[in-house]
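Student: Below is the structure I would like to discuss, written out as structure tokens.
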Amino acid sequence: MDPGAIAFQLIIGIATAMLYWIVSSGLTFTFGVTRILNFAHGAFYMLGAYFTLTFFEVIGNYMVALLVGSLLVGLIGAGCERAFISKIYHLPVPFQLVLTFGLILIFEDMVRMVWGAVPRMMMAQFTGSLSVFGRTLPMFSIYIIIAGVLIALLLYYVLSRTYWGMQIRAITADPEMAMCCGLNPSFLYATAFMFGAFLAGLGGGLTLPISSAAPGMGENIIIYAFIVTVIGGLGSIKGAFISALIIGIIEALGAFFVPWLAIALPYIALSAVLLLRPEGIFGEV
Amino acid sequence: MSEGGAVETTVETIETVPTMEKSLIAVIAVIAASLLIPLTGNKYALYLSTKIWILILYAIAFNVLFGYSGLLSFGHALFFSGSAYTLAILVARLDYPLVVGFILGIAAATLFSAVVGTLSLRHREIHFAMVTLAFSMLFWGIVMKWRDVTGGEDGITGFPRGFSMFWFYYFTVLVVVICSYLMYRFVKSDIGLILEGIRENETRVQFSGHSTLKYRLYAMIVSGTFTGVAGVLWALLDRTVTPTIAHWTFSAIPVIVTLLGGPQSFIGPAVGTIVYVIIQDLITKYTLYWQFIFGVAIVAVVLFFRGGVVGIVERYLRGR
Amino acid sequence: MILETQNLSKFFGGLRAVDDVSLSFEEESITAIIGPNGAGKTTFINLCTGLLKPNTGKIIFNGEDITHLPPHKRVLMGISRTFQISNIFPGLTVAQNIRIPLLSRGDKALSELEELMKVFEFEDIKDALASEISHGDQRLLEMAMAIATKPRILFLDEPTAGVNPAEKHRILEIVMRLKETEKLTIVIVEHDMDVVFKMAERIVVMNRGRILADGTPEEIKDDKAVREVYLKGVEI
């Protein structure tokens with residue numbers, strides 16, 4: 001067994017994990033605050049990719065385009081919360097899931113109307129590569145790992161150091177108590193949704209250097225985001241980070257050792273966790 | 001989402017006797033009228049109505065789990081495609097007779113639902129939806145990757161239907177009506193009552209001395225098996241199976257049509273299916289963007305018409 | 001001794017909701033558990049009936065260790081309960097509500113439906129939705145559902161909370177009647193001291209998860225510690 005090869009696979013696995021993490025972080029964050037599991041998170045991810053692509057074509061700077069694009073997705077997220085999601089907090093779960101599913105259909109077709117049904121590729125970014133353990137590692141892997149860590153730090157900072165973050169934690173822990181203390185739930189839910197959508201948009205924009213923007217792109221990533229958040233424990237941000245790492249690394253090592261089983265590995269991990277700890281690694285109930 | 005306590009249901013539960021009689025007459029009339037469709041000689045109408053019948057079975061089977069037991073599965077595509085692929089592989093790849101493929105296809109759906117049911121027993125609401133979704137996507141992944149057996153993205157073709165389209169229509173109607181009747185008997189039995197109890201208040205069912213896990217598994221297996229029947233019929237209709245029917249978006253169809261029609265009545269999902277297929281067919285004639293219009297319809301149903309079509313009609317019949 | 005707990009404890013984080021409680025209940029006795037809010041009364045019932053798992057300790061029913069049995073198995077053995085907040089099937093009819101627990105004892109038990117309807121005076125409302133009957137009837141319905149499983153011991157968690165005086169009287173009358181006809185052992189959590197001192201043969205006072213006092217109503221009335229934490233200001 002070549003230790004270099006395994007170490008290399010580990011890096012690839014961590015890079016995959018970071019992508020899963022970025023998408024899941026917003027999903028699990030919004031769920032934690034609003035108790036709504038947002039299928040449309042995948043649509044926000046898709047919108048992030050398209051907005052970044054378009055802004056890049058206008059501005060020419062990827063980083064700026066990414067930021068502006070994701071912020072715009074955030075605003076759309078807040079708009080959705082005000083217009084639709086805020087009307088369904090009291091409804092049974094099936095209605096909530098189906099409404100957000102309806103939003104996916106709407107957004108996907110809107111994307112088709114604006115950008116067409118054909119996948120769109122961005123001009124190459126981060127094309128270089130590094131030599132690691134005698135193998136070529138695409139620069140993209142390094143960049144996505146950095147982005148993932150930065151987003152983890154950002155979340156940590158926002159939630160533990162800002163006034164907004166403290167309010168969010170308060171309303172997550174005990175909504176009634178928080179309202180008694182004079183917090184404004186409408187404002188907090190809307191901004192929480194905005195922040196979650198912003199993170200989804202970032203995820204979509206960040207994948208542009210290696211994959212094209214396409215109308216169905218959100219439908220597949222959302223499944224991985226669901227697996228990651230359920231394993232981590234719905235609503236747990238720490239859990240999402242760790243379970244994304246687990247899934248990413250399992251996948252990468254699986255592809256190396258048991259390639260024929262690789263596709264099933266995340267699901268096997270999911271079944272194992274659900275059987276042993278139905279509430280997820282860091283979940284409560 | 002209060003746990004245990006008296007949960008307020010948003011939709012009316014009990015079908016009153018007069019509306020039940022009326023709906024029975026309506027159902028018989030619709031079935032009788034639909035028997036005339038093949039005689040018109042319109043091939044497209046024949047194809048579309050066969051498809052509607054199959055999707056009706058899919059939706060009613062789904063609703064045994066959802067409407068009666070309160071369990072939202074987002075992975076019914078697994079049972080649907082599981083049976084369809086089993087039939088296709090057995091008949092097209094391994095040269096088994098069609099009848100064997102038909103029966104073993106349904107058996108595969110039973111098996112899958114027993115396995116998924118067991119693995120998801122302790123989960124409810126969102127978790128249950130996620131777990132069923134995940135397992136169905138596992139199957140989708142296998143279908144996409146295991147090209148030698150499943151044909152990957154292209155799927156499997158090259159097996160017979162066993163009937164002409166004309167007779168296949170009558171065969172489908174017969175199978176769907178029989179299966180629906182059996183499911184109707186199931187949900188109106190004492191087991192069905194206990195399942196309704198689970199939907200209303202799972203804790204109280206446990207404290208009534210029943211293992212809710214056992215009954216949930218029953219519901220899952222019945223629902224999965226009849227979904228499998230719809231799956232094999234679907235495979236025969238097109239004489240093709242493709243991964244589309246394994247993808248999670250195919251699991252969303254019964255969810256949508258059930259909410260569209262009304263989950264709290266037995267025929268609600270059937271009504272929703274008819275509305276869904278016909279509207280989809282009409283919309284696609286005029287615009288590419290039928291998904292958009294459906295999205296808007298779904299959002300509107302959730303926000304304004306939570307009783308579904310049947311709920312609206314019932315309210316109208318009762319004059320309120 | 002029909003039911004016995006040995007050093008039973010349940011912790012929620014750092015909170016000791018039930019702390020080393022050993023209690024036993026005589027057959028066909030009627031015991032009231034009282035104590036201030038948060039004393040651990042409901043948690044104690046939840047442990048005995050299987051809604052919660054204890055951290056330490058044992059529960060013995062009829063000589064059998066049932067500590068790790070799920071609720072439905074305990075129900076089938078003869079342990080039944082009602083909840084603090086009416087716990088019924090709101091979307092089903094009164095008759096269907098009672099049918100479900102009867103079914104747990106097999107189809108034969110269904111013949112008892114009529115009798116239960118009569119005892120609980122439900123004949124006129126048997127086809128009404130449970131969500132549409134009065135609050136007092138809902139409390140009685142829950143009790144009827146508990147009785148339908150043919151329990152030997154019945155835990156009642158504040159059976160008269162939130163009902164008007166007339167309905168309260170009716171509920172208590174039915175409880176006392178059932179105790180005789182069904183040969184029930186009853187454990188009742190109740191805040192109404194009138195009810196407690198009228199009904200109970202024995203009173204257990206809990207405070208902060210522990211047993212503060214345990215005795216006949218007369219003994220409890222005279223207990224200094226009890227007066228201090230609980231009966232202060234309450235006229236007896």
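Residue numbering restarts at 1 for every chain of the structure tokens, chains are lettered A, B, ... in their displayed order, and ligands are numbered from 1 as they appear.
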Distance cut-off 9 Å, counting only C-alpha atoms - which residues of chain A neighbour chain B? Return them as an MDAnalysis selection string.
Tutor: chainID A and resid 37 84 87:88 90:110 112:113 219 223:224 226:227 230 234 260 263:264 266:267 270:271 274:275 278:279
Student: So that I can check the surroundings of Ala84 of chain B, please list as an MDAnalysis selection string every protein, DNA and RNA residue that reaches within 6 Å of it, counting only C-alpha atoms and ignoring chain neighbours fewer than 3 positions away.
Tutor: chainID B and resid 81 87 231:232 235
Student: Take the selection from the previous step and output its residues with C-alpha atoms, as a PDB file, in the first residue's frame.
Tutor:
```
ATOM      1  CA  SER B  81     -38.545   1.702 -10.233  1.00  0.00           C
ATOM      2  CA  LEU B  87     -39.179  -6.952 -14.532  1.00  0.00           C
ATOM      3  CA  GLY B 231     -44.123   0.132 -11.497  1.00  0.00           C
ATOM      4  CA  VAL B 232     -44.434  -3.076 -13.514  1.00  0.00           C
ATOM      5  CA  ALA B 235     -42.555  -0.710 -17.559  1.00  0.00           C
TER       6      ALA B 235
END
```
Student: Report as CSV: every residue of chain C with an atom at most 10 Å from chain B, its closest pair of atoms, and their distance in Å to one decimal, counting only C-alpha atoms, with rows sorted by chain and ascending residue number.
Tutor:
```
residue,atom,partner,partner_atom,distance
C:Thr49,CA,B:Phe207,CA,8.5
C:Gly50,CA,B:Phe207,CA,9.2
C:Leu51,CA,B:Thr203,CA,8.6
C:Pro70,CA,B:Gln206,CA,8.5
C:Pro71,CA,B:Gln206,CA,6.1
C:His72,CA,B:Gly209,CA,4.1
C:Lys73,CA,B:Gly209,CA,6.5
C:Arg74,CA,B:Gly209,CA,7.6
C:Val75,CA,B:Gly209,CA,5.0
C:Leu76,CA,B:Gly209,CA,5.5
C:Met77,CA,B:Gly209,CA,9.0
C:Gly78,CA,B:Gly209,CA,9.4
C:Ile79,CA,B:Phe207,CA,9.1
C:Ser80,CA,B:Phe207,CA,7.0
C:Arg81,CA,B:Phe207,CA,7.5
C:Thr82,CA,B:Phe207,CA,8.9
C:Phe83,CA,B:Gly5,CA,8.9
C:Gln84,CA,B:Gly5,CA,9.5
C:Ile85,CA,B:Gly5,CA,6.6
C:Ser86,CA,B:Ala6,CA,6.7
C:Asn87,CA,B:Gly5,CA,5.4
C:Ile88,CA,B:Ala6,CA,6.4
C:Phe89,CA,B:Glu200,CA,5.4
C:Pro90,CA,B:Ala6,CA,6.3
C:Gly91,CA,B:Thr13,CA,6.0
C:Leu92,CA,B:Ile14,CA,7.6
C:Thr93,CA,B:Ile14,CA,8.6
C:Gln96,CA,B:Leu193,CA,7.6
C:Asn97,CA,B:Gly197,CA,8.1
C:Ile98,CA,B:Ser208,CA,9.1
C:Arg99,CA,B:Asp190,CA,8.7
C:Ile100,CA,B:Ile194,CA,6.1
C:Pro101,CA,B:Ser208,CA,4.3
C:Leu102,CA,B:Ser208,CA,7.8
C:Leu103,CA,B:Asp190,CA,7.8
C:Ser104,CA,B:Gly209,CA,5.4
C:Arg105,CA,B:Gly209,CA,8.1
C:Asp107,CA,B:Asp190,CA,9.5
C:Leu129,CA,B:Ile14,CA,8.5
C:Ala130,CA,B:Ala6,CA,9.9
C:Ser131,CA,B:Ala6,CA,8.3
C:Glu142,CA,B:Arg204,CA,9.4
C:Met145,CA,B:Ser208,CA,7.2
C:Ala146,CA,B:Ser208,CA,7.1
C:Ile147,CA,B:Ser208,CA,9.6
C:Ala148,CA,B:Ser208,CA,8.2
C:Thr149,CA,B:Ser208,CA,6.5
```
Student: Might you pull out every residue within 8 Å of segment 104-108 of chain B, with only C-alpha atoms counted and same-chain residues fewer than 4 positions away left off, and present them as a ChimeraX atom specification?
Tutor: /B:79,82-87,100,112,225-226,228-229,232
Student: Could you state the separation of atom CA of Phe102 of chain B and atom CA of Thr50 of chain B in Å, given to one decimal place?
Tutor: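 If I compute the distance from atom CA of Phe102 of chain B to atom CA of Thr50 of chain B, I get 17.3 Å.
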Student: Can you tell me how far atom CA of Leu154 of chain A sits from atom CA of Phe39 of chain A, in Å to one decimal?
Tutor: 23.8 Å
Student: What does the distance from atom CA of Gly216 of chain A to atom CA of Trp140 of chain B come to in Å, to one decimal?
Tutor: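 If I compute the distance from atom CA of Gly216 of chain A to atom CA of Trp140 of chain B, I get 15.5 Å.
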Student: Run DSSP on the backbone of this structure and report the residues of segment 15-255 of chain B it assigns to alpha helix (DSSP H), as a PyMOL selection string.
Tutor: chain B and resi 17-34+43-66+77-88+98-119+125-145+147-150+165-188+190-206+212-238+248-255
Student: Find the residues around Gly74 of chain A up to 8 Å (only C-alpha atoms counted), leave out those fewer than 2 positions away in its own chain, and share them as a PyMOL selection string.
Tutor: chain A and resi 70-72+76-78+193-199+201
Student: Let me make sure I understand: among C:Ile188, C:Met199, C:Met193, C:Ile45, which one has the smallest atom-to-atom distance to Ala17 of chain C if we use only C-alpha atoms?
Tutor: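 Answer, going by the shortest atom-to-atom distance: C:Ile45.
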